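Everything below belongs to upload.txt, which stores compact mmCIF, C-alpha atoms.
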```
# COMPACT_ATOMS: atom_id res chain seq x y z
CA MET A 6 -40.48 214.40 102.86
CA SER A 7 -39.47 215.58 99.42
CA ASP A 8 -41.09 212.42 98.16
CA GLU A 9 -44.62 213.81 98.15
CA SER A 10 -44.18 217.26 96.69
CA PRO A 11 -43.04 216.30 93.15
CA LYS A 12 -45.91 213.84 92.96
CA LEU A 13 -48.44 216.53 93.67
CA SER A 14 -46.83 219.17 91.54
CA LEU A 15 -48.27 219.58 88.07
CA VAL A 16 -45.50 221.88 86.93
CA ARG A 17 -43.08 219.20 85.74
CA PRO A 18 -45.70 217.27 83.73
CA LEU A 19 -47.04 220.50 82.22
CA VAL A 20 -43.57 221.61 81.16
CA ASP A 21 -42.87 218.13 79.79
CA ALA A 22 -46.16 218.17 77.87
CA ALA A 23 -45.44 221.61 76.40
CA LEU A 24 -41.99 220.43 75.31
CA MET A 25 -43.55 217.38 73.64
CA VAL A 26 -45.90 219.66 71.71
CA VAL A 27 -42.96 221.80 70.58
CA VAL A 28 -40.71 218.89 69.62
CA GLY A 29 -43.54 216.94 67.96
CA SER A 30 -44.61 220.01 65.99
CA LEU A 31 -41.08 220.68 64.83
CA ILE A 32 -40.72 217.10 63.61
CA GLY A 33 -44.08 217.34 61.87
CA LEU A 34 -43.17 220.65 60.24
CA ALA A 35 -39.82 219.28 59.10
CA VAL A 36 -41.33 216.13 57.62
CA ASN A 37 -44.24 217.93 55.94
CA GLY A 38 -42.43 221.13 55.02
CA ARG A 39 -42.94 220.73 51.30
CA LEU A 40 -46.65 220.02 51.55
CA LEU A 41 -47.24 222.98 53.85
CA TRP A 42 -45.21 225.22 51.56
CA GLU A 43 -47.39 224.21 48.64
CA VAL A 44 -50.57 224.95 50.58
CA LEU A 45 -49.16 228.35 51.57
CA GLU A 46 -48.17 229.18 48.01
CA ARG A 47 -51.58 228.20 46.79
CA HIS A 48 -53.15 230.51 49.32
CA ALA A 49 -50.92 233.37 48.22
CA LEU A 50 -51.83 232.62 44.60
CA SER A 51 -55.53 232.79 45.18
CA ARG A 52 -55.08 236.01 47.16
CA ASN A 53 -52.99 237.93 44.65
CA ASP A 54 -54.23 236.81 41.28
CA GLU A 55 -57.90 237.42 41.68
CA PRO A 56 -59.54 240.82 41.77
CA VAL A 57 -62.27 239.43 44.01
CA ALA A 58 -59.81 237.80 46.39
CA GLU A 59 -62.02 238.28 49.41
CA GLU A 60 -64.86 236.38 47.85
CA LEU A 61 -62.68 233.64 46.42
CA ALA A 62 -60.65 233.06 49.55
CA THR A 63 -63.78 231.67 51.12
CA ARG A 64 -64.50 229.70 47.99
CA LEU A 65 -61.40 227.57 47.68
CA PRO A 66 -61.99 224.03 46.58
CA LEU A 67 -62.06 221.69 49.54
CA PRO A 68 -59.35 219.04 49.57
CA ILE A 69 -60.69 215.55 50.24
CA GLY A 70 -59.08 212.21 50.92
CA LEU A 71 -59.74 208.82 49.46
CA GLU A 72 -62.35 207.79 51.98
CA GLU A 73 -64.41 210.96 51.54
CA LEU A 74 -64.16 210.50 47.82
CA ARG A 75 -65.54 206.98 48.05
CA GLY A 76 -68.35 208.31 50.18
CA LEU A 77 -69.21 210.97 47.61
CA LEU A 78 -69.24 208.74 44.54
CA PRO A 79 -72.53 206.96 45.28
CA ALA A 80 -74.07 210.41 45.93
CA ASN A 81 -73.80 211.27 42.22
CA ALA A 82 -70.66 213.35 42.51
CA LEU A 83 -69.00 213.78 39.13
CA LEU A 84 -65.31 212.89 38.90
CA ILE A 85 -63.22 215.11 36.67
CA ASP A 86 -59.81 214.04 35.42
CA ALA A 87 -57.68 217.16 34.85
CA ARG A 88 -54.80 215.28 33.18
CA HIS A 89 -53.87 215.23 29.52
CA ARG A 90 -56.03 213.29 27.12
CA GLU A 91 -53.31 210.70 26.57
CA SER A 92 -52.92 209.92 30.29
CA TYR A 93 -56.69 209.71 30.62
CA ARG A 94 -56.86 207.17 27.78
CA ARG A 95 -54.31 204.97 29.50
CA GLY A 96 -56.59 204.60 32.51
CA HIS A 97 -58.65 206.79 34.82
CA LEU A 98 -60.87 206.58 37.88
CA PRO A 99 -64.16 204.79 37.09
CA GLY A 100 -66.74 207.16 35.70
CA ALA A 101 -64.34 210.09 35.46
CA ARG A 102 -64.79 212.65 32.72
CA ASN A 103 -61.69 214.07 31.07
CA LEU A 104 -61.24 217.83 31.24
CA PRO A 105 -57.55 218.64 30.73
CA TRP A 106 -56.59 221.89 32.45
CA GLY A 107 -54.92 223.04 29.23
CA ASP A 108 -58.18 222.71 27.29
CA ALA A 109 -60.41 224.07 30.04
CA GLY A 110 -61.36 227.21 28.12
CA LYS A 111 -62.46 225.13 25.15
CA LEU A 112 -64.28 222.37 27.05
CA LEU A 113 -65.96 224.24 29.89
CA PRO A 114 -68.95 225.56 27.90
CA ALA A 115 -69.93 222.00 27.00
CA LEU A 116 -69.65 220.94 30.64
CA ARG A 117 -71.82 223.84 31.75
CA ASP A 118 -74.49 222.88 29.23
CA GLU A 119 -74.53 219.30 30.42
CA ILE A 120 -73.85 219.41 34.15
CA PRO A 121 -75.99 221.59 36.45
CA PRO A 122 -74.15 223.94 38.84
CA GLN A 123 -75.40 222.24 41.98
CA THR A 124 -73.59 219.00 41.06
CA THR A 125 -70.74 218.02 43.37
CA LEU A 126 -67.54 217.91 41.32
CA VAL A 127 -64.38 216.12 42.40
CA VAL A 128 -61.27 217.02 40.43
CA TYR A 129 -58.06 215.02 40.43
CA CYS A 130 -54.82 214.68 38.49
CA SER A 131 -51.53 212.84 39.06
CA GLY A 132 -51.26 213.32 42.79
CA TYR A 133 -49.67 215.77 45.17
CA GLY A 134 -47.03 217.06 42.77
CA CYS A 135 -49.61 218.16 40.22
CA GLU A 136 -51.45 221.45 40.40
CA ASP A 137 -53.86 221.07 37.49
CA SER A 138 -56.67 219.65 39.58
CA PHE A 139 -56.53 222.58 41.97
CA LEU A 140 -56.38 225.19 39.21
CA LEU A 141 -59.24 223.53 37.35
CA ALA A 142 -61.27 223.30 40.56
CA GLN A 143 -60.81 227.03 41.16
CA ARG A 144 -61.90 227.72 37.61
CA LEU A 145 -65.00 225.58 38.06
CA LEU A 146 -65.88 227.51 41.21
CA GLN A 147 -65.51 230.77 39.29
CA ASP A 148 -67.71 229.31 36.61
CA GLY A 149 -70.55 228.94 39.06
CA TYR A 150 -70.20 225.38 40.31
CA ARG A 151 -70.90 225.59 44.02
CA ASP A 152 -69.41 222.39 45.38
CA VAL A 153 -66.00 221.61 43.92
CA ARG A 154 -63.49 219.43 45.72
CA VAL A 155 -59.99 218.31 44.95
CA PHE A 156 -58.90 214.73 45.45
CA GLU A 157 -55.27 215.63 46.01
CA GLY A 158 -53.95 212.09 46.21
CA GLY A 159 -55.18 211.70 42.64
CA LEU A 160 -54.63 208.64 40.51
CA PRO A 161 -51.59 207.38 42.49
CA ALA A 162 -53.53 207.34 45.77
CA TRP A 163 -56.43 205.54 44.11
CA GLN A 164 -54.10 202.89 42.71
CA ALA A 165 -52.14 202.60 45.92
CA ALA A 166 -55.38 201.64 47.66
CA GLY A 167 -55.71 198.76 45.20
CA LEU A 168 -58.80 200.22 43.55
CA PRO A 169 -59.54 199.48 39.92
CA LEU A 170 -59.08 201.91 37.05
CA GLU A 171 -61.29 202.21 34.02
CA GLY A 172 -60.21 202.08 30.40
CA VAL A 173 -56.76 200.67 31.09
CA ARG A 174 -54.90 199.99 27.85
CA PRO A 175 -51.63 198.10 27.85
CA MET B 5 -57.40 194.80 94.81
CA LYS B 6 -54.26 196.57 95.95
CA ARG B 7 -52.22 193.74 94.51
CA TYR B 8 -53.61 194.18 91.04
CA LEU B 9 -53.57 197.96 90.95
CA PRO B 10 -49.95 198.35 89.77
CA HIS B 11 -50.61 195.96 86.89
CA LEU B 12 -53.76 197.81 85.98
CA LEU B 13 -51.96 201.15 85.93
CA LEU B 14 -49.10 199.68 83.93
CA SER B 15 -51.60 198.33 81.38
CA CYS B 16 -53.21 201.77 81.11
CA ARG B 17 -49.85 203.35 80.31
CA LEU B 18 -48.86 200.75 77.73
CA ALA B 19 -52.28 200.66 76.09
CA LEU B 20 -52.52 204.45 75.83
CA GLY B 21 -48.99 204.65 74.43
CA ALA B 22 -49.61 201.94 71.85
CA ILE B 23 -52.95 203.41 70.76
CA PHE B 24 -51.50 206.86 70.14
CA VAL B 25 -48.38 205.61 68.38
CA TYR B 26 -50.67 203.61 66.09
CA ALA B 27 -53.14 206.44 65.53
CA GLY B 28 -50.33 208.93 64.91
CA LEU B 29 -48.61 206.63 62.45
CA LEU B 30 -51.77 206.07 60.40
CA LYS B 31 -52.35 209.81 60.13
CA ALA B 32 -48.70 210.70 59.50
CA LEU B 33 -48.73 208.39 56.47
CA ASP B 34 -51.58 210.30 54.80
CA VAL B 35 -51.37 213.91 55.91
CA THR B 36 -53.55 215.26 53.12
CA SER B 37 -56.43 212.92 53.92
CA PHE B 38 -56.09 213.82 57.57
CA ALA B 39 -56.25 217.52 56.64
CA GLY B 40 -59.44 216.66 54.78
CA SER B 41 -60.80 214.92 57.88
CA ILE B 42 -60.04 217.98 60.01
CA ALA B 43 -61.61 220.23 57.36
CA ASN B 44 -64.82 218.19 57.71
CA TYR B 45 -65.15 219.47 61.26
CA GLN B 46 -65.41 223.01 59.83
CA LEU B 47 -63.69 224.45 62.87
CA LEU B 48 -60.40 225.76 61.46
CA PRO B 49 -59.39 227.76 58.37
CA GLU B 50 -57.78 225.75 55.56
CA LEU B 51 -54.19 226.61 56.45
CA LEU B 52 -54.63 225.57 60.06
CA ASN B 53 -56.22 222.29 58.94
CA TYR B 54 -52.99 221.48 57.17
CA LEU B 55 -50.83 222.72 60.02
CA ALA B 56 -52.70 220.57 62.52
CA ALA B 57 -52.59 217.58 60.16
CA ALA B 58 -48.83 217.99 59.75
CA THR B 59 -48.00 218.28 63.44
CA LEU B 60 -50.62 216.37 65.45
CA PRO B 61 -49.59 212.87 64.33
CA TYR B 62 -46.01 213.49 65.44
CA ILE B 63 -47.07 214.90 68.79
CA GLU B 64 -49.22 211.80 69.30
CA MET B 65 -46.42 209.44 68.27
CA LEU B 66 -43.85 211.21 70.45
CA ALA B 67 -45.99 211.22 73.59
CA GLY B 68 -47.15 207.64 72.90
CA SER B 69 -43.56 206.41 72.54
CA LEU B 70 -42.53 208.12 75.76
CA LEU B 71 -45.31 206.26 77.57
CA LEU B 72 -44.12 202.97 76.10
CA ILE B 73 -40.50 203.50 77.17
CA ARG B 74 -41.58 205.01 80.53
CA ARG B 75 -39.99 208.42 80.12
CA HIS B 76 -41.78 211.62 81.18
CA VAL B 77 -44.84 209.49 81.79
CA ARG B 78 -46.94 212.08 83.62
CA GLY B 79 -46.24 214.76 81.02
CA ALA B 80 -47.13 212.42 78.18
CA ALA B 81 -50.28 211.19 79.95
CA LEU B 82 -51.32 214.77 80.67
CA LEU B 83 -50.74 215.80 77.06
CA LEU B 84 -52.61 212.85 75.56
CA GLY B 85 -55.42 213.25 78.06
CA GLY B 86 -55.64 216.94 77.16
CA LEU B 87 -55.63 216.16 73.45
CA THR B 88 -58.37 213.60 73.97
CA GLY B 89 -60.35 216.27 75.80
CA VAL B 90 -59.94 218.67 72.87
CA PHE B 91 -61.00 215.94 70.45
CA MET B 92 -64.09 215.29 72.55
CA ILE B 93 -65.05 218.97 72.43
CA ALA B 94 -64.63 218.92 68.64
CA LEU B 95 -66.73 215.75 68.37
CA ALA B 96 -69.42 217.18 70.62
CA SER B 97 -69.56 220.29 68.44
CA VAL B 98 -70.04 218.01 65.43
CA LEU B 99 -73.00 216.37 67.11
CA ILE B 100 -74.49 219.69 68.16
CA ARG B 101 -74.17 221.12 64.66
CA GLY B 102 -75.66 217.94 63.23
CA LEU B 103 -72.74 217.25 60.88
CA ASP B 104 -72.49 213.72 59.59
CA ILE B 105 -68.76 213.20 59.26
CA ASP B 106 -66.13 210.58 59.94
CA CYS B 107 -64.05 211.30 63.00
CA GLY B 108 -60.69 210.72 61.28
CA CYS B 109 -59.29 209.55 64.60
CA PHE B 110 -57.40 206.60 63.17
CA GLY B 111 -56.86 207.90 59.68
CA VAL B 112 -59.50 207.59 56.99
CA ALA B 113 -59.29 203.81 56.64
CA ALA B 114 -61.31 203.18 59.81
CA PRO B 115 -64.40 205.39 59.62
CA THR B 116 -66.10 205.99 62.94
CA SER B 117 -69.15 208.06 63.80
CA ALA B 118 -68.86 210.97 66.19
CA VAL B 119 -70.91 209.21 68.89
CA THR B 120 -68.74 206.08 68.87
CA ALA B 121 -65.63 208.22 68.88
CA LEU B 122 -66.89 210.16 71.88
CA TRP B 123 -67.36 206.98 73.89
CA ARG B 124 -63.99 205.70 72.79
CA ASN B 125 -62.37 208.95 73.83
CA ALA B 126 -64.00 208.72 77.24
CA GLY B 127 -62.20 205.38 77.57
CA LEU B 128 -58.95 207.00 76.47
CA LEU B 129 -59.38 209.62 79.20
CA LEU B 130 -59.58 206.82 81.77
CA LEU B 131 -56.43 205.26 80.34
CA ALA B 132 -54.70 208.65 80.51
CA ALA B 133 -55.71 209.03 84.14
CA GLY B 134 -54.35 205.55 84.90
CA ALA B 135 -51.12 206.27 83.04
CA PHE B 136 -50.72 209.55 84.91
CA VAL B 137 -51.04 207.81 88.26
CA ASP B 138 -48.67 205.10 87.03
CA GLY B 139 -46.11 207.80 86.25
CA GLY B 140 -46.33 209.15 89.82
CA ARG B 141 -46.10 205.75 91.46
CA ARG B 142 -42.38 205.33 91.08
CA SER B 143 -39.73 207.98 91.04
CA ALA B 144 -39.60 208.11 87.27
```

I'd like the structure from this file rewritten - as structure tokens, please.
Amino acid sequence: MSDESPKLSLVRPLVDAALMVVVGSLIGLAVNGRLLWEVLERHALSRNDEPVAEELATRLPLPIGLEELRGLLPANALLIDARHRESYRRGHLPGARNLPWGDAGKLLPALRDEIPPQTTLVVYCSGYGCEDSFLLAQRLLQDGYRDVRVFEGGLPAWQAAGLPLEGVRP
Amino acid sequence: MKRYLPHLLLSCRLALGAIFVYAGLLKALDVTSFAGSIANYQLLPELLNYLAAATLPYIEMLAGSLLLIRRHVRGAALLLGGLTGVFMIALASVLIRGLDIDCGCFGVAAPTSAVTALWRNAGLLLLAAGAFVDGGRRSA
């Protein structure tokens, strides 16, 4: 008699499912807390620092993963290495152009002369811990480049996938 | 037919559980890429892309594991079926808007078109239905 009613009732499964969402989310938030915090901070940065925050908030560089990056490369996207010159010389992603964030002010005019603003740019640096690629990407957007993305995994993610570097010196 | 039905339902539960544990694990290992995959759908603002990328894999792994160890089977089947439904809506919107993107379903290492993913998700819905019935069969 009481055998049928729990089978038909959707309440238990729905409550269970909701609990799974809550518990799963909490685990996910705990594991990825640092990453999410960084994304939040970055958002706050782009909101407060710029006088035209409204405009820029919609023009944040798009983060891309390794697979998207590999899809973009044959489509004439230009890779930009935001790391220091020395790190670049020790090895970089194939075809990447070096534009250290520290020298951006000095080097950007040359880039603008050479690379048209409709070019897709993909900026990277030394992985998730490094902000230079994001800062440089924002600067490039301000400078009129329309499609700027950030390969956040950077050089470590590229290497971890077993992909070759260019210009590796021992 | 009746004789084989329990085995069929059991297989649905185990297959669905294994698939989601696997899919969740792949995405949990590369959260940033997954956020990029979600961003490609152009449905959510950037922050929510990251939030979804951070939490979804763990929800999938949790519900998948519960199916495998036969705990809260109907809840887990309902949740994963519901998620699959949401994914299908997102994929359909991709097709309607004519976006050419990878589905990101199993991380970025296994690119799949939206059409293929839609068919695959229809299969997952069937598995979820089977698993749900399996959960009601015994007093679990």

Chain B near chain A within 9 Å: what's each residue's closest atom pair and its distance in Å to one decimal, counting all atoms listed in the file, ordered by chain then ascending residue number, as a Markdown table?
```
| residue | atom | partner | partner_atom | distance |
| --- | --- | --- | --- | --- |
| B:Ala32 | CA | A:Gly33 | CA | 8.4 |
| B:Asp34 | CA | A:Gly70 | CA | 8.7 |
| B:Val35 | CA | A:Asn37 | CA | 8.2 |
| B:Thr36 | CA | A:Gly70 | CA | 6.7 |
| B:Ser37 | CA | A:Gly70 | CA | 4.1 |
| B:Phe38 | CA | A:Gly70 | CA | 7.5 |
| B:Ala39 | CA | A:Pro68 | CA | 7.9 |
| B:Gly40 | CA | A:Ile69 | CA | 4.8 |
| B:Ser41 | CA | A:Gly70 | CA | 7.7 |
| B:Ala43 | CA | A:Leu67 | CA | 8.0 |
| B:Asn44 | CA | A:Ile69 | CA | 8.9 |
| B:Glu50 | CA | A:Leu67 | CA | 8.4 |
| B:Leu51 | CA | A:Val44 | CA | 7.1 |
| B:Tyr54 | CA | A:Leu41 | CA | 6.8 |
| B:Leu55 | CA | A:Leu41 | CA | 7.1 |
| B:Ala56 | CA | A:Ser30 | CA | 8.8 |
| B:Ala57 | CA | A:Gly33 | CA | 8.7 |
| B:Ala58 | CA | A:Gly33 | CA | 5.2 |
| B:Thr59 | CA | A:Gly33 | CA | 4.3 |
| B:Leu60 | CA | A:Ser30 | CA | 7.0 |
| B:Pro61 | CA | A:Gly33 | CA | 7.5 |
| B:Tyr62 | CA | A:Gly29 | CA | 4.9 |
| B:Ile63 | CA | A:Gly29 | CA | 4.2 |
| B:Glu64 | CA | A:Gly29 | CA | 7.8 |
| B:Met65 | CA | A:Gly29 | CA | 8.0 |
| B:Leu66 | CA | A:Gly29 | CA | 6.3 |
| B:Ala67 | CA | A:Met25 | CA | 6.6 |
| B:His76 | CA | A:Asp21 | CA | 6.7 |
| B:Val77 | CA | A:Pro18 | CA | 8.1 |
| B:Arg78 | CA | A:Pro18 | CA | 5.3 |
| B:Gly79 | CA | A:Pro18 | CA | 3.7 |
| B:Ala80 | CA | A:Ala22 | CA | 5.8 |
| B:Ala81 | CA | A:Ala22 | CA | 8.4 |
| B:Leu82 | CA | A:Ala22 | CA | 6.8 |
| B:Leu83 | CA | A:Ala22 | CA | 5.2 |
| B:Leu84 | CA | A:Ala22 | CA | 8.7 |
| B:Asp106 | CA | A:Glu73 | CA | 8.6 |
| B:Val112 | CA | A:Glu72 | CA | 5.8 |
| B:Ala113 | CA | A:Glu72 | CA | 6.8 |
| B:Pro115 | CA | A:Glu72 | CA | 8.3 |
| B:Gly140 | CA | A:Lys12 | CA | 5.7 |
| B:Arg141 | CA | A:Lys12 | CA | 8.2 |
| B:Ser143 | CA | A:Asp8 | CA | 8.5 |
```

Could you write those residues out with C-alpha atoms, as a PDB file, in the frame of the given file?
```pdb
ATOM      1  CA  ALA B  32     -48.700 210.700  59.500  1.00  0.00           C
ATOM      2  CA  ASP B  34     -51.580 210.300  54.800  1.00  0.00           C
ATOM      3  CA  VAL B  35     -51.370 213.910  55.910  1.00  0.00           C
ATOM      4  CA  THR B  36     -53.550 215.260  53.120  1.00  0.00           C
ATOM      5  CA  SER B  37     -56.430 212.920  53.920  1.00  0.00           C
ATOM      6  CA  PHE B  38     -56.090 213.820  57.570  1.00  0.00           C
ATOM      7  CA  ALA B  39     -56.250 217.520  56.640  1.00  0.00           C
ATOM      8  CA  GLY B  40     -59.440 216.660  54.780  1.00  0.00           C
ATOM      9  CA  SER B  41     -60.800 214.920  57.880  1.00  0.00           C
ATOM     10  CA  ALA B  43     -61.610 220.230  57.360  1.00  0.00           C
ATOM     11  CA  ASN B  44     -64.820 218.190  57.710  1.00  0.00           C
ATOM     12  CA  GLU B  50     -57.780 225.750  55.560  1.00  0.00           C
ATOM     13  CA  LEU B  51     -54.190 226.610  56.450  1.00  0.00           C
ATOM     14  CA  TYR B  54     -52.990 221.480  57.170  1.00  0.00           C
ATOM     15  CA  LEU B  55     -50.830 222.720  60.020  1.00  0.00           C
ATOM     16  CA  ALA B  56     -52.700 220.570  62.520  1.00  0.00           C
ATOM     17  CA  ALA B  57     -52.590 217.580  60.160  1.00  0.00           C
ATOM     18  CA  ALA B  58     -48.830 217.990  59.750  1.00  0.00           C
ATOM     19  CA  THR B  59     -48.000 218.280  63.440  1.00  0.00           C
ATOM     20  CA  LEU B  60     -50.620 216.370  65.450  1.00  0.00           C
ATOM     21  CA  PRO B  61     -49.590 212.870  64.330  1.00  0.00           C
ATOM     22  CA  TYR B  62     -46.010 213.490  65.440  1.00  0.00           C
ATOM     23  CA  ILE B  63     -47.070 214.900  68.790  1.00  0.00           C
ATOM     24  CA  GLU B  64     -49.220 211.800  69.300  1.00  0.00           C
ATOM     25  CA  MET B  65     -46.420 209.440  68.270  1.00  0.00           C
ATOM     26  CA  LEU B  66     -43.850 211.210  70.450  1.00  0.00           C
ATOM     27  CA  ALA B  67     -45.990 211.220  73.590  1.00  0.00           C
ATOM     28  CA  HIS B  76     -41.780 211.620  81.180  1.00  0.00           C
ATOM     29  CA  VAL B  77     -44.840 209.490  81.790  1.00  0.00           C
ATOM     30  CA  ARG B  78     -46.940 212.080  83.620  1.00  0.00           C
ATOM     31  CA  GLY B  79     -46.240 214.760  81.020  1.00  0.00           C
ATOM     32  CA  ALA B  80     -47.130 212.420  78.180  1.00  0.00           C
ATOM     33  CA  ALA B  81     -50.280 211.190  79.950  1.00  0.00           C
ATOM     34  CA  LEU B  82     -51.320 214.770  80.670  1.00  0.00           C
ATOM     35  CA  LEU B  83     -50.740 215.800  77.060  1.00  0.00           C
ATOM     36  CA  LEU B  84     -52.610 212.850  75.560  1.00  0.00           C
ATOM     37  CA  ASP B 106     -66.130 210.580  59.940  1.00  0.00           C
ATOM     38  CA  VAL B 112     -59.500 207.590  56.990  1.00  0.00           C
ATOM     39  CA  ALA B 113     -59.290 203.810  56.640  1.00  0.00           C
ATOM     40  CA  PRO B 115     -64.400 205.390  59.620  1.00  0.00           C
ATOM     41  CA  GLY B 140     -46.330 209.150  89.820  1.00  0.00           C
ATOM     42  CA  ARG B 141     -46.100 205.750  91.460  1.00  0.00           C
ATOM     43  CA  SER B 143     -39.730 207.980  91.040  1.00  0.00           C
TER      44      SER B 143
END
```

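Pairwise distance (atom CA of B:Asp138, atom CA of B:Gly89) equals 19.7 Å.
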
Excluding stretch 122-126 of chain A and its own-chain neighbours fewer than 4 positions away, which residues fall within 12 Å of it when counting all atoms listed in the file? Please give them as number ranges by chain. A: 66-69, 74, 77-87, 101-102, 104, 116-118, 138-139, 141-156

In Å, rounded to a single decimal, give me how far atom CA of A:Val128 is from atom CA of A:Gly107. 14.2 Å

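In terms of minimum interatomic distance to B:Cys16, B:Leu129 ranks closest within B:Val98, B:Leu129, B:Leu122, B:Met92, counting all atoms listed in the file.
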
Between atom CA of B:Phe110 and atom CA of B:Gly28, what is the distance, to one decimal in Å? 7.6 Å

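Restricting the calculation to all atoms listed in the file, the smallest distance between B:Leu47 and any of B:Ala135, B:Ala94, B:Ala126, B:Leu71 is found for B:Ala94.
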
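Neighbouring residues of A:Leu170 at 9 Å or closer, counting only C-alpha atoms and skipping chain neighbours under 5 positions away, are Gly96, His97, Leu98, Pro99, Leu160, Trp163 and Gln164 of chain A.
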
Any chance you could export the current selection's C-alpha atoms as a short mmCIF file (atom, residue, chain, number, x, y, z; two decimals), keeping the file's coordinate frame?
```cif
data_model
loop_
_atom_site.label_atom_id
_atom_site.label_comp_id
_atom_site.auth_asym_id
_atom_site.auth_seq_id
_atom_site.Cartn_x
_atom_site.Cartn_y
_atom_site.Cartn_z
CA GLY A 96 -56.59 204.60 32.51
CA HIS A 97 -58.65 206.79 34.82
CA LEU A 98 -60.87 206.58 37.88
CA PRO A 99 -64.16 204.79 37.09
CA LEU A 160 -54.63 208.64 40.51
CA TRP A 163 -56.43 205.54 44.11
CA GLN A 164 -54.10 202.89 42.71
#
```

Edge lengths and centre in Å to one decimal, as lines of an AutoDock Vina configuration file, is what I'm after for the box along x, y and z that holds all listed atoms of stretch 114-128 of chain A once 5 Å is added on each side.
```
center_x = -68.6
center_y = 220.8
center_z = 35.2
size_x = 24.7
size_y = 19.4
size_z = 26.4
```

Got a sec to check which residues sit within 7 Å of (-53.1, 204.3, 86.9), counting all atoms listed in the file, and write them as a ChimeraX atom specification? /B:12-14,16,133-138

Could you rebuild stretch 104-109 of chain B with all heavy atoms and give me the result as an mmCIF file, in the coordinates of the input?
```cif
data_model
loop_
_atom_site.group_PDB
_atom_site.id
_atom_site.type_symbol
_atom_site.label_atom_id
_atom_site.label_comp_id
_atom_site.auth_asym_id
_atom_site.auth_seq_id
_atom_site.Cartn_x
_atom_site.Cartn_y
_atom_site.Cartn_z
ATOM 1 N N ASP B 104 -72.675 215.160 59.688
ATOM 2 C CA ASP B 104 -72.490 213.720 59.590
ATOM 3 C C ASP B 104 -71.133 213.443 58.967
ATOM 4 O O ASP B 104 -70.998 213.336 57.760
ATOM 5 C CB ASP B 104 -73.604 213.108 58.734
ATOM 6 C CG ASP B 104 -73.460 211.602 58.636
ATOM 7 O OD1 ASP B 104 -72.782 211.025 59.508
ATOM 8 O OD2 ASP B 104 -74.003 211.025 57.687
ATOM 9 N N ILE B 105 -70.104 213.373 59.811
ATOM 10 C CA ILE B 105 -68.760 213.200 59.260
ATOM 11 C C ILE B 105 -68.054 212.047 59.965
ATOM 12 O O ILE B 105 -68.449 211.603 61.043
ATOM 13 C CB ILE B 105 -67.901 214.475 59.418
ATOM 14 C CG1 ILE B 105 -67.662 214.789 60.895
ATOM 15 C CG2 ILE B 105 -68.544 215.644 58.712
ATOM 16 C CD1 ILE B 105 -66.608 215.843 61.108
ATOM 17 N N ASP B 106 -66.970 211.601 59.311
ATOM 18 C CA ASP B 106 -66.130 210.580 59.940
ATOM 19 C C ASP B 106 -65.173 211.276 60.889
ATOM 20 O O ASP B 106 -64.724 212.378 60.648
ATOM 21 C CB ASP B 106 -65.372 209.842 58.842
ATOM 22 C CG ASP B 106 -64.286 208.962 59.425
ATOM 23 O OD1 ASP B 106 -64.537 208.374 60.484
ATOM 24 O OD2 ASP B 106 -63.203 208.890 58.822
ATOM 25 N N CYS B 107 -64.852 210.615 61.998
ATOM 26 C CA CYS B 107 -64.050 211.300 63.000
ATOM 27 C C CYS B 107 -62.596 211.468 62.561
ATOM 28 O O CYS B 107 -61.936 212.411 62.958
ATOM 29 C CB CYS B 107 -64.152 210.587 64.355
ATOM 30 S SG CYS B 107 -62.820 209.493 64.779
ATOM 31 N N GLY B 108 -62.075 210.566 61.724
ATOM 32 C CA GLY B 108 -60.690 210.720 61.280
ATOM 33 C C GLY B 108 -59.684 210.388 62.358
ATOM 34 O O GLY B 108 -58.502 210.645 62.203
ATOM 35 N N CYS B 109 -60.161 209.805 63.444
ATOM 36 C CA CYS B 109 -59.290 209.550 64.600
ATOM 37 C C CYS B 109 -58.130 208.614 64.259
ATOM 38 O O CYS B 109 -57.002 208.833 64.657
ATOM 39 C CB CYS B 109 -60.092 208.923 65.729
ATOM 40 S SG CYS B 109 -61.598 209.790 66.130
#
```
